[in-house]
Amino acid sequence: MNAQLLDGNAVAAATRAKVAAELVEAGSPAVCLTTVLVGEDPPSQRYVRMKGRDATEIGMASRHIDVPASASQDQVAEVVGALANDPSVHGILVQLPLPGHLDTDAIIDLIPSAKDVDGLTRSSLGTLVRGAPGLVPCTPLGVIRLLEHYGLDVAGKRAIVIGRSMLVGLPLSLLLARKGIDATVTIAHSRTADLRDRCREADLVVAAVGSARMVQRDWVKPGAIVMDVGISRETHVDGTTKLVGDVDFDAVGEVAGWLTPMPGGTGAMTRACLMENTLLAARLQGIL
Ligand code: GUN
């Protein structure tokens, strides 16, 4: 292993401690994060449980609402609308993906921008495009926080983001290109030609597609920063399963300068940034 580790667990712990200290300093106001899960997908259930636990551990209140998978658009809208109007709720997170019969964008857009701790509403994403301050999606923010923590300056450098999702790829590309970060960004996707060669030109590679071990050793320029946001479940012949990232960790670790582990990399930062965003949401609502 040649690469230095971008230790998401350690930076996430420091981020949580900072948010906890800021809450105490503000007189421990009752800041409340509320998560909504439609359906019973086990990984999603696990994710929202962890988010609630993180909040409690740092001195925030947390609430969770389960909605049956069969709920109609109007029923889900009623749940989110009630949270939007509840002054004791400061952050609202609707866990994605929603069941296929629901209009995700319409539901997300019911969240007031000041409570949009996921940064996914039309208004929050518009604010991001404008380069104005506001709540930005947690995974892209976590990637930026990791770069900042390790003092990795990508100004004027070439970055490639593989994946163009609303949750990660697109907002991250905008953040990396933003004034003050100043990377030159390529957004790659399933139809990108010569993807390996495009990656090999990059000083920063962020993989966010969910394709197991796609980024191989010969995709990476020696010394480059490689950040793994992908996650997929591999099933072995004996029936056991394992979570794997988009980056072949052992092989890429031989050539990269910096590399995120999986787990303990960008995923840990996503959850910590949700706490940071909930604190900011409370501030935007005049709570502290
Ligand atoms: N599902 C997977 N990641 C996320 C996330 O960051 N936010 C929400 N709302 N759903 C997700």
# chains A, B, ... in the order shown; residues from 1 in each chain; ligands from 1
$ residues_around --residues "A:Ser70" --least-positions-apart "6" --cutoff "10 Å" --atoms "only C-alpha atoms" --output "list in words"
Val38, Gly39, Val76, Pro99, His101 and Leu102 of chain A
$ write_last_selection --atoms "N, CA, C and O atoms" --output "mmCIF file, in the first residue's frame"
data_model
loop_
_atom_site.group_PDB
_atom_site.id
_atom_site.type_symbol
_atom_site.label_atom_id
_atom_site.label_comp_id
_atom_site.auth_asym_id
_atom_site.auth_seq_id
_atom_site.Cartn_x
_atom_site.Cartn_y
_atom_site.Cartn_z
ATOM 1 N N VAL A 38 -40.239 5.320 3.499
ATOM 2 C CA VAL A 38 -41.427 4.713 2.888
ATOM 3 C C VAL A 38 -41.050 3.288 2.482
ATOM 4 O O VAL A 38 -40.146 3.087 1.675
ATOM 5 N N GLY A 39 -41.725 2.309 3.084
ATOM 6 C CA GLY A 39 -41.420 0.908 2.784
ATOM 7 C C GLY A 39 -40.502 0.293 3.818
ATOM 8 O O GLY A 39 -40.191 0.908 4.839
ATOM 9 N N VAL A 76 -48.098 10.241 1.377
ATOM 10 C CA VAL A 76 -46.707 10.599 1.692
ATOM 11 C C VAL A 76 -46.574 12.124 1.750
ATOM 12 O O VAL A 76 -45.920 12.674 2.646
ATOM 13 N N PRO A 99 -40.481 4.108 -3.273
ATOM 14 C CA PRO A 99 -41.116 3.116 -4.148
ATOM 15 C C PRO A 99 -41.470 3.731 -5.512
ATOM 16 O O PRO A 99 -41.803 4.919 -5.590
ATOM 17 N N HIS A 101 -43.891 3.848 -7.541
ATOM 18 C CA HIS A 101 -45.159 4.494 -7.919
ATOM 19 C C HIS A 101 -45.226 5.943 -7.432
ATOM 20 O O HIS A 101 -46.172 6.658 -7.752
ATOM 21 N N LEU A 102 -44.223 6.371 -6.652
ATOM 22 C CA LEU A 102 -44.269 7.732 -6.104
ATOM 23 C C LEU A 102 -43.438 8.697 -6.955
ATOM 24 O O LEU A 102 -42.426 8.304 -7.551
#
$ residues_near_ligand --ligand "ligand 1" --cutoff "6 Å" --atoms "only C-alpha atoms and all ligand atoms" --output "PyMOL selection string"
chain A and resi 93-96+118+138
$ closest_atom_pairs --of "stretch 87-156 of chain A" --to "stretch 217-241 of chain A" --cutoff "9 Å" --atoms "only C-alpha atoms" --output "JSON lines"
{"residue": "A:Thr139", "atom": "CA", "partner": "A:Val229", "partner_atom": "CA", "distance": 8.1}
{"residue": "A:Val143", "atom": "CA", "partner": "A:Met227", "partner_atom": "CA", "distance": 7.8}
{"residue": "A:Leu152", "atom": "CA", "partner": "A:Ile225", "partner_atom": "CA", "distance": 8.7}
$ residues_around --residues "A:Gln4" --least-positions-apart "5" --cutoff "10 Å" --atoms "only C-alpha atoms" --output "PyMOL selection string"
chain A and resi 223+225+253+256-260
$ closest_residue --among "A:Thr121, A:Thr184, A:Ser173, A:Asn9" --to "A:Gly156" --atoms "only C-alpha atoms"
A:Thr184
$ atom_distance --atom1 "atom CA of A:Ala188" --atom2 "atom CA of A:Asp41"
29.2 Å
$ select_by_dssp --residues "stretch 132-178 of chain A" --states "strand (DSSP E)" --output "list of chain:residue names"
A:Arg158, A:Ala159, A:Ile160, A:Val161, A:Ile162
$ residues_around --residues "stretch 21-31 of chain A" --least-positions-apart "3" --cutoff "10 Å" --atoms "only C-alpha atoms" --output "list in words"
Thr15, Arg16, Ala17, Lys18, Ala55, Ile58, Gly59, Met60, Ala61, Ser62, Ser88, Val89, His90, Gly91, Thr278, Leu279, Ala281, Ala282, Arg283, Ile287 and Leu288 of chain A
$ atom_distance --atom1 "atom CA of A:Pro261" --atom2 "atom CA of A:Ser190"
24.0 Å
$ atom_distance --atom1 "atom CA of A:Gly151" --atom2 "atom CA of A:Lys51"
27.4 Å
$ residues_around --residues "A:Arg158" --least-positions-apart "5" --cutoff "10 Å" --atoms "only C-alpha atoms" --output "list in words"
Asp182, Ala183, Thr184, Val185, Thr186, Arg198, Cys199, Glu201, Ala202, Asp203, Leu204 and Val205 of chain A
$ write_last_selection --atoms "N, CA and C atoms" --output "PDB file, in the first residue's frame"
ATOM      1  N   ASP A 182     -12.155  25.339  -7.330  1.00  0.00           N
ATOM      2  CA  ASP A 182     -11.497  25.643  -8.603  1.00  0.00           C
ATOM      3  C   ASP A 182     -10.884  24.472  -9.357  1.00  0.00           C
ATOM      4  N   ALA A 183     -11.458  23.279  -9.207  1.00  0.00           N
ATOM      5  CA  ALA A 183     -10.978  22.162 -10.033  1.00  0.00           C
ATOM      6  C   ALA A 183     -11.575  22.275 -11.434  1.00  0.00           C
ATOM      7  N   THR A 184     -10.929  21.650 -12.392  1.00  0.00           N
ATOM      8  CA  THR A 184     -11.474  21.534 -13.741  1.00  0.00           C
ATOM      9  C   THR A 184     -12.115  20.157 -13.812  1.00  0.00           C
ATOM     10  N   VAL A 185     -13.448  20.134 -13.962  1.00  0.00           N
ATOM     11  CA  VAL A 185     -14.183  18.898 -13.689  1.00  0.00           C
ATOM     12  C   VAL A 185     -14.727  18.246 -14.955  1.00  0.00           C
ATOM     13  N   THR A 186     -14.522  16.961 -15.065  1.00  0.00           N
ATOM     14  CA  THR A 186     -15.165  16.143 -16.098  1.00  0.00           C
ATOM     15  C   THR A 186     -16.233  15.302 -15.424  1.00  0.00           C
ATOM     16  N   ARG A 198      -9.479   8.710 -19.526  1.00  0.00           N
ATOM     17  CA  ARG A 198      -9.890   9.985 -18.924  1.00  0.00           C
ATOM     18  C   ARG A 198      -9.527   9.986 -17.428  1.00  0.00           C
ATOM     19  N   CYS A 199      -9.720   8.836 -16.776  1.00  0.00           N
ATOM     20  CA  CYS A 199      -9.385   8.753 -15.342  1.00  0.00           C
ATOM     21  C   CYS A 199      -7.886   8.896 -15.141  1.00  0.00           C
ATOM     22  N   GLU A 201      -5.845  10.589 -16.644  1.00  0.00           N
ATOM     23  CA  GLU A 201      -5.374  11.975 -16.788  1.00  0.00           C
ATOM     24  C   GLU A 201      -5.664  12.802 -15.537  1.00  0.00           C
ATOM     25  N   ALA A 202      -6.490  12.256 -14.631  1.00  0.00           N
ATOM     26  CA  ALA A 202      -7.030  13.079 -13.545  1.00  0.00           C
ATOM     27  C   ALA A 202      -6.145  13.083 -12.300  1.00  0.00           C
ATOM     28  N   ASP A 203      -6.147  14.244 -11.611  1.00  0.00           N
ATOM     29  CA  ASP A 203      -5.454  14.359 -10.316  1.00  0.00           C
ATOM     30  C   ASP A 203      -6.379  13.920  -9.184  1.00  0.00           C
ATOM     31  N   LEU A 204      -7.688  13.975  -9.458  1.00  0.00           N
ATOM     32  CA  LEU A 204      -8.690  13.527  -8.483  1.00  0.00           C
ATOM     33  C   LEU A 204      -9.724  12.677  -9.213  1.00  0.00           C
ATOM     34  N   VAL A 205      -9.920  11.461  -8.736  1.00  0.00           N
ATOM     35  CA  VAL A 205     -10.944  10.580  -9.290  1.00  0.00           C
ATOM     36  C   VAL A 205     -11.966  10.308  -8.193  1.00  0.00           C
TER      37      VAL A 205
END
$ select_by_dssp --residues "stretch 41-268 of chain A" --states "helix (DSSP H, G or I)" --output "NGL selection string"
:A and (42-57 or 73-84 or 104-108 or 113-115 or 122-130 or 138-149 or 169-177 or 195-200 or 217-219 or 249-253 or 266-268)
$ closest_residue --among "A:Leu284, A:Val80, A:Ala132, A:Cys32" --to "A:Arg63" --atoms "only C-alpha atoms"
A:Cys32
$ residues_around --residues "A:Ile92" --least-positions-apart "4" --cutoff "12 Å" --atoms "only C-alpha atoms" --output "PyMOL selection string"
chain A and resi 31-37+48+51-52+62-65+79-88+107-121+274-275+277-278+281-282
